[in-house]
Every structure is written in structure tokens, then in C-alpha cells.
$ cat protein-v5.cif   # mmCIF, C-alpha atoms and all ligand atoms
data_work
loop_
_atom_site.label_atom_id
_atom_site.label_comp_id
_atom_site.auth_asym_id
_atom_site.auth_seq_id
_atom_site.Cartn_x
_atom_site.Cartn_y
_atom_site.Cartn_z
CA MET A 1 15.22 26.15 5.70
CA GLN A 2 17.84 23.89 7.24
CA GLN A 3 20.81 23.01 5.10
CA SER A 4 20.05 19.27 5.15
CA ASN A 5 16.46 19.93 4.07
CA PHE A 6 17.70 22.16 1.31
CA LEU A 7 20.14 19.53 0.05
CA GLU A 8 17.40 16.94 0.17
CA TRP A 9 15.18 19.24 -1.84
CA ILE A 10 17.89 19.77 -4.47
CA PHE A 11 18.52 16.05 -4.61
CA GLU A 12 14.83 15.29 -5.09
CA ALA A 13 14.53 17.94 -7.80
CA ILE A 14 17.48 16.42 -9.71
CA CYS A 15 16.08 12.89 -9.32
CA LYS A 16 12.70 14.04 -10.57
CA PHE A 17 14.26 15.67 -13.61
CA PHE A 18 16.10 12.55 -14.70
CA GLU A 19 13.43 10.09 -13.81
CA PRO A 20 12.17 8.24 -16.88
CA LYS A 21 8.44 8.56 -17.37
CA PRO A 22 7.32 5.60 -19.45
CA PRO A 23 3.96 5.99 -21.14
CA LEU A 24 1.31 4.14 -19.23
CA ILE A 25 -0.49 1.82 -21.60
CA LEU A 26 -3.59 0.56 -19.93
CA PRO A 27 -7.14 -0.03 -21.05
CA PRO A 28 -9.67 2.75 -20.50
CA ALA A 29 -11.62 3.05 -17.28
CA PRO A 30 -14.17 0.25 -16.86
CA THR A 31 -17.87 0.71 -17.25
CA GLU A 32 -20.31 -0.95 -14.89
CA ASP A 33 -20.86 -3.81 -17.32
CA ASP A 34 -17.23 -4.79 -17.59
CA ASP A 35 -16.01 -7.96 -15.98
CA MET A 36 -13.39 -6.58 -13.64
CA VAL A 37 -11.16 -9.62 -13.47
CA GLU A 38 -10.95 -9.97 -17.25
CA LEU A 39 -10.38 -6.27 -17.51
CA THR A 40 -6.98 -6.44 -15.85
CA ASP A 41 -5.85 -9.66 -17.57
CA GLY A 42 -3.88 -7.80 -20.19
CA TRP A 43 -2.21 -5.35 -17.85
CA PRO A 44 1.57 -5.34 -18.04
CA GLU A 45 3.46 -6.55 -15.01
CA PHE A 46 5.31 -3.77 -13.25
CA ASP A 47 9.07 -4.08 -13.51
CA GLY A 48 10.16 -2.44 -10.28
CA PRO A 49 13.50 -2.38 -8.45
CA LEU A 50 12.85 -5.56 -6.42
CA LYS A 51 14.17 -8.81 -7.83
CA ARG A 52 11.10 -10.44 -6.39
CA ILE A 53 8.31 -9.61 -4.00
CA PRO A 54 8.86 -11.32 -0.64
CA ARG A 55 6.56 -14.15 0.35
CA ASN A 56 7.15 -14.30 4.08
CA ARG A 57 8.84 -12.57 6.99
CA LYS A 58 12.22 -14.18 6.35
CA GLU A 59 12.22 -12.94 2.76
CA MET A 60 11.04 -9.51 3.90
CA VAL A 61 14.16 -9.21 6.05
CA GLU A 62 16.36 -10.45 3.19
CA ILE A 63 14.83 -8.07 0.65
CA TYR A 64 13.79 -5.00 2.67
CA GLY A 65 16.25 -5.30 5.57
CA ALA A 66 15.91 -5.88 9.30
CA PRO A 67 14.22 -3.11 11.29
CA ASN A 68 15.97 -4.22 14.53
CA VAL A 69 13.24 -2.68 16.64
CA THR A 70 13.62 -1.43 20.18
CA TYR A 71 10.92 -0.33 22.61
CA SER A 72 10.62 2.88 24.55
CA ARG A 73 9.68 2.64 28.22
CA LYS A 74 6.07 3.21 27.19
CA GLY A 75 6.30 0.35 24.71
CA VAL A 76 6.50 2.48 21.57
CA VAL A 77 8.21 0.56 18.74
CA ARG A 78 11.25 2.17 17.15
CA ILE A 79 13.29 1.04 14.14
CA SER A 80 17.09 1.25 14.10
CA LYS A 81 18.91 4.24 12.60
CA GLU A 82 20.58 1.89 10.16
CA PHE A 83 17.24 0.64 8.87
CA ALA A 84 15.85 4.19 8.65
CA LYS A 85 18.51 4.94 6.02
CA ARG A 86 16.47 2.76 3.67
CA PHE A 87 13.57 5.21 3.89
CA HIS A 88 12.75 8.35 2.00
CA THR A 89 9.96 10.86 1.56
CA VAL A 90 8.06 10.80 -1.73
CA PRO A 91 6.73 14.27 -2.53
CA ALA A 92 3.01 14.59 -3.23
CA ASP A 93 3.48 15.59 -6.86
CA LEU A 94 4.94 12.16 -7.63
CA LEU A 95 1.87 10.45 -6.17
CA THR A 96 -0.96 10.45 -8.71
CA GLY A 97 -4.25 11.45 -7.12
CA TYR A 98 -2.84 12.04 -3.65
CA HIS A 99 -2.13 15.39 -2.04
CA ARG A 100 0.36 14.55 0.73
CA ARG A 101 3.90 13.28 0.78
CA ILE A 102 4.54 9.74 1.97
CA TYR A 103 7.46 8.47 4.03
CA CYS A 104 8.26 4.88 3.07
CA HIS A 105 10.90 2.30 2.14
CA ARG A 106 12.89 3.38 -0.93
CA ASP A 107 12.32 0.10 -2.75
CA PHE A 108 8.61 0.30 -2.08
CA SER A 109 7.83 3.76 -3.45
CA PRO A 110 8.05 2.90 -7.20
CA TYR A 111 5.40 0.21 -6.66
CA LEU A 112 3.16 2.53 -4.69
CA ARG A 113 3.48 5.23 -7.34
CA GLU A 114 2.61 2.80 -10.11
CA ALA A 115 -0.34 1.40 -8.14
CA LEU A 116 -1.72 4.90 -7.61
CA ARG A 117 -1.26 5.72 -11.31
CA ARG A 118 -3.07 2.57 -12.36
CA ALA A 119 -5.81 3.18 -9.80
CA GLN A 120 -6.31 6.67 -11.14
CA MET A 121 -6.62 5.29 -14.68
CA VAL A 122 -9.31 2.75 -13.84
CA ALA A 123 -11.08 4.58 -11.02
CA PRO A 124 -10.62 8.29 -11.74
CA GLY A 125 -13.49 9.20 -9.41
CA TYR A 126 -12.06 7.49 -6.33
CA LYS A 127 -10.49 9.90 -3.86
CA PHE A 128 -7.39 8.96 -1.90
CA GLU A 129 -7.86 11.20 1.10
CA ARG A 130 -5.61 9.45 3.60
CA VAL A 131 -2.86 6.99 2.79
CA GLY A 132 -1.02 5.81 5.91
CA CYS A 133 2.29 4.02 5.44
CA PHE A 134 5.22 3.91 7.87
CA SER A 135 4.12 3.12 11.40
CA PRO A 136 6.37 0.91 13.51
CA ARG A 137 4.04 -1.36 15.48
CA HIS A 138 2.83 -4.89 16.01
CA MET A 139 -0.08 -6.32 14.04
CA ARG A 140 -3.39 -5.26 15.55
CA HIS A 141 -1.39 -3.20 18.08
CA SER A 142 -0.73 -6.33 20.14
CA LYS A 143 2.78 -7.13 21.32
CA ASN A 144 1.93 -10.83 21.13
CA MET A 145 1.50 -10.51 17.38
CA PRO A 146 4.33 -10.25 14.84
CA LEU A 147 5.50 -6.83 13.67
CA SER A 148 3.23 -5.21 11.11
CA ASP A 149 4.44 -4.65 7.54
CA HIS A 150 3.97 -0.93 8.27
CA THR A 151 7.15 -1.21 10.39
CA TRP A 152 9.06 -1.84 7.13
CA GLY A 153 7.29 1.04 5.36
CA VAL A 154 6.06 -1.38 2.68
CA ALA A 155 2.30 -1.33 3.37
CA VAL A 156 -0.38 1.34 3.04
CA ASP A 157 -3.75 1.84 4.68
CA ILE A 158 -6.12 3.58 2.29
CA ASN A 159 -8.89 5.83 3.63
CA ALA A 160 -8.85 3.98 6.96
CA SER A 161 -12.00 5.58 8.37
CA ARG A 162 -14.11 4.11 5.56
CA ASN A 163 -12.33 0.76 5.28
CA ARG A 164 -12.06 -0.39 8.87
CA ALA A 165 -10.46 -3.66 9.91
CA ARG A 166 -12.80 -6.00 11.75
CA TYR A 167 -13.64 -9.64 12.38
CA ARG A 168 -15.73 -10.80 9.51
CA LYS A 169 -18.63 -13.16 10.18
CA PRO A 170 -19.09 -15.93 7.61
CA THR A 171 -22.57 -14.56 6.83
CA ASP A 172 -21.30 -11.02 6.15
CA PRO A 173 -21.41 -9.79 2.55
CA ARG A 174 -18.33 -10.52 0.51
CA PRO A 175 -16.15 -7.78 -0.94
CA PHE A 176 -17.72 -5.78 -3.79
CA GLU A 177 -21.24 -7.11 -3.20
CA ASP A 178 -23.81 -4.33 -2.95
CA ALA A 179 -24.40 -5.08 0.73
CA TRP A 180 -20.68 -4.77 1.43
CA TYR A 181 -20.85 -1.12 0.42
CA GLU A 182 -24.35 -0.50 1.82
CA ASN A 183 -23.28 -1.70 5.27
CA GLY A 184 -20.36 0.70 5.20
CA PHE A 185 -17.74 -2.04 5.32
CA SER A 186 -15.71 -0.36 2.59
CA ASP A 187 -15.78 2.25 -0.15
CA LEU A 188 -13.05 0.69 -2.34
CA PRO A 189 -14.03 -0.02 -5.94
CA GLU A 190 -12.86 -3.40 -7.17
CA SER A 191 -10.85 -1.63 -9.88
CA VAL A 192 -8.68 0.08 -7.24
CA VAL A 193 -7.96 -3.25 -5.57
CA LEU A 194 -7.11 -4.81 -8.94
CA ALA A 195 -4.83 -1.89 -9.81
CA PHE A 196 -2.83 -2.46 -6.62
CA LYS A 197 -2.74 -6.22 -7.12
CA SER A 198 -1.53 -5.79 -10.70
CA VAL A 199 1.63 -4.15 -9.34
CA GLY A 200 2.23 -6.93 -6.81
CA PHE A 201 0.37 -5.85 -3.68
CA SER A 202 -1.65 -8.22 -1.55
CA TRP A 203 -4.89 -6.98 -0.03
CA GLY A 204 -6.20 -7.28 3.54
CA GLY A 205 -9.75 -7.52 2.15
CA ASP A 206 -8.91 -11.06 1.02
CA TRP A 207 -8.42 -12.13 4.63
CA GLY A 208 -11.23 -13.71 6.61
CA LEU A 209 -13.21 -14.82 3.55
CA GLY A 210 -13.13 -18.52 4.50
CA LYS A 211 -16.01 -20.55 5.93
CA ARG A 212 -15.29 -19.46 9.48
CA GLY A 213 -14.77 -15.77 8.70
CA GLY A 214 -11.92 -13.99 10.44
CA TYR A 215 -9.79 -10.88 10.48
CA HIS A 216 -10.59 -8.70 7.48
CA ASP A 217 -8.72 -5.46 6.73
CA PRO A 218 -9.88 -3.77 3.50
CA MET A 219 -7.82 -0.60 4.05
CA HIS A 220 -4.57 -2.58 3.99
CA PHE A 221 -2.31 -3.18 0.97
CA SER A 222 1.09 -4.77 1.46
CA LEU A 223 3.99 -5.33 -0.93
CA ARG A 224 4.43 -9.01 -0.15
CA LYS A 225 2.87 -12.14 -1.54
ZN ZN B 1 -2.37 -1.71 7.36
#
$ encode --input "protein-v5.cif" --output "C-alpha cells"
Amino acid sequence: MQQSNFLEWIFEAICKFFEPKPPLILPPAPTEDDDMVELTDGWPEFDGPLKRIPRNRKEMVEIYGAPNVTYSRKGVVRISKEFAKRFHTVPADLLTGYHRRIYCHRDFSPYLREALRRAQMVAPGYKFERVGCFSPRHMRHSKNMPLSDHTWGVAVDINASRNRARYRKPTDPRPFEDAWYENGFSDLPESVVLAFKSVGFSWGGDWGLGKRGGYHDPMHFSLRK
């Protein structure tokens, strides 16, 4: 074990020891008859380290910092060393219901942890097999698009292979309709989406729902308004 890894491990162990663990007071898991939206009405807001959740790119830079990206000769996006200091690795045992560690923005991880805890409470049967977070890149992997929130380490893609991004036709089933699941568009229960939203996340499954359809990305949850 390298010395720096060892020190990091000690540091994490100390942090974990002192970390307050407030009791999670939430209603019991929903039954099929429950109205999902009403169900989460009484959920407490999550009081995380951010003064507010950013609404746009300018506020993201103010609140999360500027990634100051550069490009390798092959066009791979890299964040600055300075910005990388704002990142850390959250060990798997702090992530309810998930079995891998996650590398992300330090101010983001408390929200992710709370979202996973709430999701586990309301959808104990849902399995988080892959949660992708930090990935410096442009939206839709196109350099003509703005940088993706994954560049800031403040967005997650949940079980990507079962919740693919695509262009949604106006006639396609809407999220959580039976046909939405039957067509394999997603496997996310509404309660998981509501758990994430209750902490302050916005959801890519809300995109492309207008009359003309559009880009729809159910795997994607971002800590911005
Ligand atoms: Zn994403």
C-alpha cells in the first residue's frame, strides 16, 4: 500500500467515525395502490453542504468550481489539477445499496448518499448495479455541445444499459406507463426517481416529454435545477 493511499484510508476512517448519522424518518415503502406524488409530499428537504443547488452553467461554476478543461491530442477531455482537488472517493460502505466506490465532487457526495438511502427506503427491491459519475466529456459526446455535468462529478447515470438515452417520439409511452417498461425504455421505479428529486436532483427522464418529443435520458440524474 502506498503511503498516500494509507493516509487517505486513515483519513476516511476518521471521517466515518465522526460523521453524524441522523435517523432517517421517511414513510414506509409504497404499495402499488399508493399515489406516488402524494407519497413524497411530506418528505423532509435534505439540508446538504450547498447553500443552494445551481440553476445554470454560470451558477455551476460559482458553486462547484471551474473545471478548466484541456484536450489531449486525441480529443479526450481533461479537468485541471486544481479542480480535481475538489473531488474525492466515497467508499462503497457509505453508499446504501451500492457495492462500488464512487469518485465525485466533494459537495455532491452527501446528496448522492442521501438519495441512495431514500431510494433504498422506498424501493428496497431495486438494484443499483452500475452508477457512473465522473466522466469529463461533452454532452452526447459531441464537441459542439456544452460540457456534460459529469465533467463536474455532480451527475450520475444509473444502470445505463437498461435506461438508455434516446430521442423520444411524441407518440412513445410516457415515463412510468406500463408500455414504457414493456418496451424496455427503462427499469426505474417512479419511487426511485422521486427519492432522487426529493434531495434536489433533476432527472433526464423529464426531457423530451413535450409535444415534439426530443432527447430523453432516464439514466441521468444531475444535482442542478
Ligand atoms: Zn448522464
$ closest_residue --input "protein-v5.cif" --among "A:Gly42, A:Pro67, A:Pro54, A:Gly75" --to "Lys143 (chain A)" --atoms "all atoms listed in the file"
A:Gly75
$ atom_distance --input "protein-v5.cif" --atom1 "CA of Arg78 (chain A)" --atom2 "CA of His150 (chain A)"
11.9 Å
$ atom_distance --input "protein-v5.cif" --atom1 "CA of His216 (chain A)" --atom2 "CA of Glu129 (chain A)"
21.1 Å
$ atom_distance --input "protein-v5.cif" --atom1 "CA of Lys127 (chain A)" --atom2 "CA of Tyr98 (chain A)"
7.9 Å
$ closest_residue --input "protein-v5.cif" --among "A:Gly205, A:Pro124, A:Gly153, A:Gly213" --to "Tyr167 (chain A)" --atoms "only C-alpha atoms"
A:Gly213
$ closest_residue --input "protein-v5.cif" --among "A:Trp180, A:Phe134, A:Phe185, A:Phe128" --to "ligand ZN 1 (chain B)" --atoms "only C-alpha atoms and all ligand atoms"
A:Phe134
$ residues_near_ligand --input "protein-v5.cif" --ligand "ligand ZN 1 (chain B)" --cutoff "12 Å" --atoms "only C-alpha atoms and all ligand atoms" --output "number ranges by chain"
A: 131-141, 147-160, 163-165, 202-205, 216-223
$ closest_residue --input "protein-v5.cif" --among "A:Asp47, A:Val90, A:Gly210, A:Ala195" --to "Glu8 (chain A)" --atoms "all atoms listed in the file"
A:Val90
$ residues_around --input "protein-v5.cif" --residues "Ala66 (chain A)" --least-positions-apart "3" --cutoff "8 Å" --atoms "only C-alpha atoms" --output "PyMOL selection string"
chain A and resi 61-62+83
$ residues_near_point --input "protein-v5.cif" --point "(2.5, -2.3, -9.8)" --cutoff "10 Å" --atoms "all atoms listed in the file" --output "PyMOL selection string"
chain A and resi 43-48+110-119+194-201+223
$ residues_near_point --input "protein-v5.cif" --point "(20.1, 3.8, 11.3)" --cutoff "12 Å" --atoms "all atoms listed in the file" --output "short mmCIF file (atom, residue, chain, number, x, y, z; two decimals) with C-alpha atoms, in the frame of the given file"
data_model
loop_
_atom_site.label_atom_id
_atom_site.label_comp_id
_atom_site.auth_asym_id
_atom_site.auth_seq_id
_atom_site.Cartn_x
_atom_site.Cartn_y
_atom_site.Cartn_z
CA GLY A 65 16.25 -5.30 5.57
CA ALA A 66 15.91 -5.88 9.30
CA PRO A 67 14.22 -3.11 11.29
CA ASN A 68 15.97 -4.22 14.53
CA VAL A 69 13.24 -2.68 16.64
CA ARG A 78 11.25 2.17 17.15
CA ILE A 79 13.29 1.04 14.14
CA SER A 80 17.09 1.25 14.10
CA LYS A 81 18.91 4.24 12.60
CA GLU A 82 20.58 1.89 10.16
CA PHE A 83 17.24 0.64 8.87
CA ALA A 84 15.85 4.19 8.65
CA LYS A 85 18.51 4.94 6.02
CA ARG A 86 16.47 2.76 3.67
CA PHE A 87 13.57 5.21 3.89
#
$ axis_aligned_box --input "protein-v5.cif" --around "region 66-79 of chain A" --padding-each-side "4 Å" --output "JSON"
{"center_x": 11.0, "center_y": -1.3, "center_z": 18.8, "size_x": 17.9, "size_y": 17.1, "size_z": 26.9}
$ closest_residue --input "protein-v5.cif" --among "A:Tyr103, A:Asp187, A:Gly208, A:Asn144" --to "Thr171 (chain A)" --atoms "only C-alpha atoms"
A:Gly208
$ residues_around --input "protein-v5.cif" --residues "Tyr181 (chain A)" --least-positions-apart "6" --cutoff "12 Å" --atoms "all atoms listed in the file" --output "list of chain:residue names"
A:Arg162, A:Asn163, A:Asp172, A:Pro173, A:Arg174, A:Pro175, A:Asp187, A:Leu188, A:Pro189, A:Glu190, A:Pro218
$ decode --input "protein-v5.cif" --residues "region 39-62 of chain A" --atoms "N, CA and C atoms" --output "PDB file, in the first residue's frame"
ATOM      1  N   LEU A  39     -47.148  10.609  -1.996  1.00  0.00           N
ATOM      2  CA  LEU A  39     -46.332   9.845  -1.062  1.00  0.00           C
ATOM      3  C   LEU A  39     -45.113  10.626  -0.583  1.00  0.00           C
ATOM      4  N   THR A  40     -44.504  11.378  -1.482  1.00  0.00           N
ATOM      5  CA  THR A  40     -43.269  12.068  -1.121  1.00  0.00           C
ATOM      6  C   THR A  40     -43.521  13.500  -0.647  1.00  0.00           C
ATOM      7  N   ASP A  41     -44.771  13.931  -0.620  1.00  0.00           N
ATOM      8  CA  ASP A  41     -45.091  15.298  -0.212  1.00  0.00           C
ATOM      9  C   ASP A  41     -44.510  15.644   1.146  1.00  0.00           C
ATOM     10  N   GLY A  42     -44.587  14.710   2.074  1.00  0.00           N
ATOM     11  CA  GLY A  42     -44.160  15.020   3.431  1.00  0.00           C
ATOM     12  C   GLY A  42     -42.690  14.761   3.699  1.00  0.00           C
ATOM     13  N   TRP A  43     -41.945  14.420   2.680  1.00  0.00           N
ATOM     14  CA  TRP A  43     -40.528  14.122   2.903  1.00  0.00           C
ATOM     15  C   TRP A  43     -39.768  15.388   3.285  1.00  0.00           C
ATOM     16  N   PRO A  44     -38.861  15.253   4.255  1.00  0.00           N
ATOM     17  CA  PRO A  44     -38.077  16.430   4.630  1.00  0.00           C
ATOM     18  C   PRO A  44     -37.117  16.818   3.509  1.00  0.00           C
ATOM     19  N   GLU A  45     -36.896  18.122   3.378  1.00  0.00           N
ATOM     20  CA  GLU A  45     -35.859  18.555   2.441  1.00  0.00           C
ATOM     21  C   GLU A  45     -34.515  18.112   2.982  1.00  0.00           C
ATOM     22  N   PHE A  46     -33.565  17.902   2.122  1.00  0.00           N
ATOM     23  CA  PHE A  46     -32.247  17.497   2.588  1.00  0.00           C
ATOM     24  C   PHE A  46     -31.381  18.740   2.762  1.00  0.00           C
ATOM     25  N   ASP A  47     -30.816  18.875   3.957  1.00  0.00           N
ATOM     26  CA  ASP A  47     -30.006  20.039   4.263  1.00  0.00           C
ATOM     27  C   ASP A  47     -28.535  19.683   4.044  1.00  0.00           C
ATOM     28  N   GLY A  48     -28.096  19.802   2.825  1.00  0.00           N
ATOM     29  CA  GLY A  48     -26.727  19.433   2.479  1.00  0.00           C
ATOM     30  C   GLY A  48     -25.770  20.602   2.567  1.00  0.00           C
ATOM     31  N   PRO A  49     -24.511  20.398   2.185  1.00  0.00           N
ATOM     32  CA  PRO A  49     -23.499  21.439   2.324  1.00  0.00           C
ATOM     33  C   PRO A  49     -23.652  22.611   1.349  1.00  0.00           C
ATOM     34  N   LEU A  50     -24.415  22.457   0.280  1.00  0.00           N
ATOM     35  CA  LEU A  50     -24.542  23.556  -0.683  1.00  0.00           C
ATOM     36  C   LEU A  50     -25.526  24.597  -0.169  1.00  0.00           C
ATOM     37  N   LYS A  51     -25.167  25.874  -0.346  1.00  0.00           N
ATOM     38  CA  LYS A  51     -26.096  26.933   0.034  1.00  0.00           C
ATOM     39  C   LYS A  51     -27.347  26.858  -0.825  1.00  0.00           C
ATOM     40  N   ARG A  52     -27.125  26.568  -2.096  1.00  0.00           N
ATOM     41  CA  ARG A  52     -28.262  26.348  -2.989  1.00  0.00           C
ATOM     42  C   ARG A  52     -27.811  25.441  -4.114  1.00  0.00           C
ATOM     43  N   ILE A  53     -28.777  24.876  -4.794  1.00  0.00           N
ATOM     44  CA  ILE A  53     -28.462  23.989  -5.917  1.00  0.00           C
ATOM     45  C   ILE A  53     -28.449  24.837  -7.191  1.00  0.00           C
ATOM     46  N   PRO A  54     -27.357  24.766  -7.957  1.00  0.00           N
ATOM     47  CA  PRO A  54     -27.240  25.684  -9.098  1.00  0.00           C
ATOM     48  C   PRO A  54     -28.325  25.472 -10.146  1.00  0.00           C
ATOM     49  N   ARG A  55     -28.682  26.574 -10.802  1.00  0.00           N
ATOM     50  CA  ARG A  55     -29.753  26.513 -11.795  1.00  0.00           C
ATOM     51  C   ARG A  55     -29.236  26.485 -13.222  1.00  0.00           C
ATOM     52  N   ASN A  56     -28.007  26.949 -13.408  1.00  0.00           N
ATOM     53  CA  ASN A  56     -27.493  27.006 -14.777  1.00  0.00           C
ATOM     54  C   ASN A  56     -25.970  26.853 -14.736  1.00  0.00           C
ATOM     55  N   ARG A  57     -25.376  26.926 -15.918  1.00  0.00           N
ATOM     56  CA  ARG A  57     -23.935  26.692 -16.014  1.00  0.00           C
ATOM     57  C   ARG A  57     -23.116  27.714 -15.220  1.00  0.00           C
ATOM     58  N   LYS A  58     -23.554  28.974 -15.297  1.00  0.00           N
ATOM     59  CA  LYS A  58     -22.830  30.030 -14.580  1.00  0.00           C
ATOM     60  C   LYS A  58     -22.825  29.732 -13.078  1.00  0.00           C
ATOM     61  N   GLU A  59     -23.977  29.346 -12.551  1.00  0.00           N
ATOM     62  CA  GLU A  59     -24.058  29.033 -11.121  1.00  0.00           C
ATOM     63  C   GLU A  59     -23.291  27.750 -10.788  1.00  0.00           C
ATOM     64  N   MET A  60     -23.249  26.827 -11.742  1.00  0.00           N
ATOM     65  CA  MET A  60     -22.455  25.607 -11.501  1.00  0.00           C
ATOM     66  C   MET A  60     -20.993  25.959 -11.273  1.00  0.00           C
ATOM     67  N   VAL A  61     -20.478  26.880 -12.094  1.00  0.00           N
ATOM     68  CA  VAL A  61     -19.075  27.284 -11.948  1.00  0.00           C
ATOM     69  C   VAL A  61     -18.871  28.022 -10.624  1.00  0.00           C
ATOM     70  N   GLU A  62     -19.835  28.887 -10.267  1.00  0.00           N
ATOM     71  CA  GLU A  62     -19.737  29.604  -8.984  1.00  0.00           C
ATOM     72  C   GLU A  62     -19.730  28.628  -7.806  1.00  0.00           C
TER      73      GLU A  62
END
